[in-house]
Amino acid sequence: MKRFLRSFRYAGRGLSAGWRGQTNIRVMTVLALLAIGLGWWTGLSTVEWAVLALTIGLVLSLELLNTAGEKLVDILSPGYDDRYGQVKDILAAAVLIASIAAATVGVLIFAPRLFGN
């Protein structure tokens, strides 16, 4: 049980490191909170809340993975190396794709409520 509870502490440290280490995670958190507020204001259905929660979780998780990958690359290669640069670019692309998908989900969920069918 101690090991299980300790894992939450480690995860909390990881969240804290991600929060301190990247502006993007803070921006994405603010956008997520705005989406949650808009969802509350517009009265989302249970399914819409589930889609929104999964979308937010996916984007924030990928941003944390991107941050961890960048830190690992910086440790492995303090100088510039094209191969490591490609790793960073691929990690960033994963976040970009998830962000575009999240924006699409946001439009599909909120546009009909805000602008009518």
# chains A, B, ... in the order shown; residues from 1 in each chain; ligands from 1
$ closest_atom_pairs --of "region 88-115 of chain A" --to "region 81-84 of chain A" --cutoff "12 Å" --atoms "only C-alpha atoms" --output "tab-separated table"
residue	atom	partner	partner_atom	distance
A:Lys88	CA	A:Tyr84	CA	6.4
A:Asp89	CA	A:Tyr84	CA	8.6
A:Ile90	CA	A:Tyr84	CA	9.9
A:Leu91	CA	A:Tyr84	CA	10.7
$ write_last_selection --atoms "N, CA and C atoms" --output "compact mmCIF listing (two decimals), in the first residue's frame"
# COMPACT_ATOMS: atom_id res chain seq x y z
N LYS A 88 12.56 15.49 -30.92
CA LYS A 88 11.79 16.59 -30.34
C LYS A 88 10.68 17.04 -31.29
N ASP A 89 10.99 17.10 -32.58
CA ASP A 89 9.98 17.51 -33.55
C ASP A 89 8.81 16.53 -33.61
N ILE A 90 9.12 15.25 -33.54
CA ILE A 90 8.07 14.22 -33.58
C ILE A 90 7.20 14.31 -32.32
N LEU A 91 7.82 14.51 -31.17
CA LEU A 91 7.06 14.67 -29.94
C LEU A 91 6.14 15.89 -30.03
$ closest_atom_pairs --of "region 25-91 of chain A" --to "region 103-108 of chain A" --cutoff "8 Å" --atoms "only C-alpha atoms" --output "Markdown table"
| residue | atom | partner | partner_atom | distance |
| --- | --- | --- | --- | --- |
| A:Ala35 | CA | A:Gly106 | CA | 7.8 |
| A:Val51 | CA | A:Val105 | CA | 8.0 |
| A:Leu52 | CA | A:Val105 | CA | 7.5 |
| A:Thr55 | CA | A:Val105 | CA | 7.7 |
$ write_last_selection --atoms "C-alpha atoms" --output "mmCIF file, in the first residue's frame"
data_model
loop_
_atom_site.group_PDB
_atom_site.id
_atom_site.type_symbol
_atom_site.label_atom_id
_atom_site.label_comp_id
_atom_site.auth_asym_id
_atom_site.auth_seq_id
_atom_site.Cartn_x
_atom_site.Cartn_y
_atom_site.Cartn_z
ATOM 1 C CA ALA A 35 -13.678 24.588 -21.906
ATOM 2 C CA VAL A 51 -15.589 13.306 -24.698
ATOM 3 C CA LEU A 52 -14.385 16.630 -23.325
ATOM 4 C CA THR A 55 -9.838 15.117 -24.987
#
$ atom_distance --atom1 "CA of Thr46 (chain A)" --atom2 "CA of Leu62 (chain A)"
24.2 Å
$ atom_distance --atom1 "CA of Leu34 (chain A)" --atom2 "CA of Ser16 (chain A)"
20.8 Å
$ closest_residue --among "A:Gly18, A:Pro112, A:Gly12, A:Gly79" --to "Thr67 (chain A)" --atoms "only C-alpha atoms"
A:Gly18
$ atom_distance --atom1 "CA of Ala102 (chain A)" --atom2 "CA of Tyr10 (chain A)"
27.6 Å
$ residues_around --residues "Leu60 (chain A)" --least-positions-apart "3" --cutoff "9 Å" --atoms "only C-alpha atoms" --output "PDB file with C-alpha atoms, in the first residue's frame"
ATOM      1  CA  ILE A  25       1.176  23.123 -20.263  1.00  0.00           C
ATOM      2  CA  MET A  28      -3.327  24.273 -22.247  1.00  0.00           C
ATOM      3  CA  THR A  29      -4.523  24.073 -18.634  1.00  0.00           C
ATOM      4  CA  ALA A  32      -9.017  23.275 -20.522  1.00  0.00           C
ATOM      5  CA  THR A  55      -9.838  15.117 -24.987  1.00  0.00           C
ATOM      6  CA  ILE A  56      -8.420  17.331 -22.243  1.00  0.00           C
ATOM      7  CA  GLY A  57      -6.678  14.367 -20.648  1.00  0.00           C
ATOM      8  CA  GLU A  63       2.188  17.675 -23.479  1.00  0.00           C
ATOM      9  CA  LEU A  64       3.710  16.111 -20.353  1.00  0.00           C
ATOM     10  CA  LEU A  65       5.216  13.306 -22.455  1.00  0.00           C
ATOM     11  CA  VAL A  95       0.916  17.313 -29.302  1.00  0.00           C
TER      12      VAL A  95
END
$ residues_around --residues "Gly37 (chain A)" --least-positions-apart "5" --cutoff "12 Å" --atoms "only C-alpha atoms" --output "list in words"
Val30, Leu31, Ala32, Thr42, Gly43, Leu44, Trp49, Leu52 and Phe110 of chain A
$ closest_residue --among "A:Pro78, A:Gly85, A:Gly21, A:Gly39" --to "Leu114 (chain A)" --atoms "only C-alpha atoms"
A:Gly39
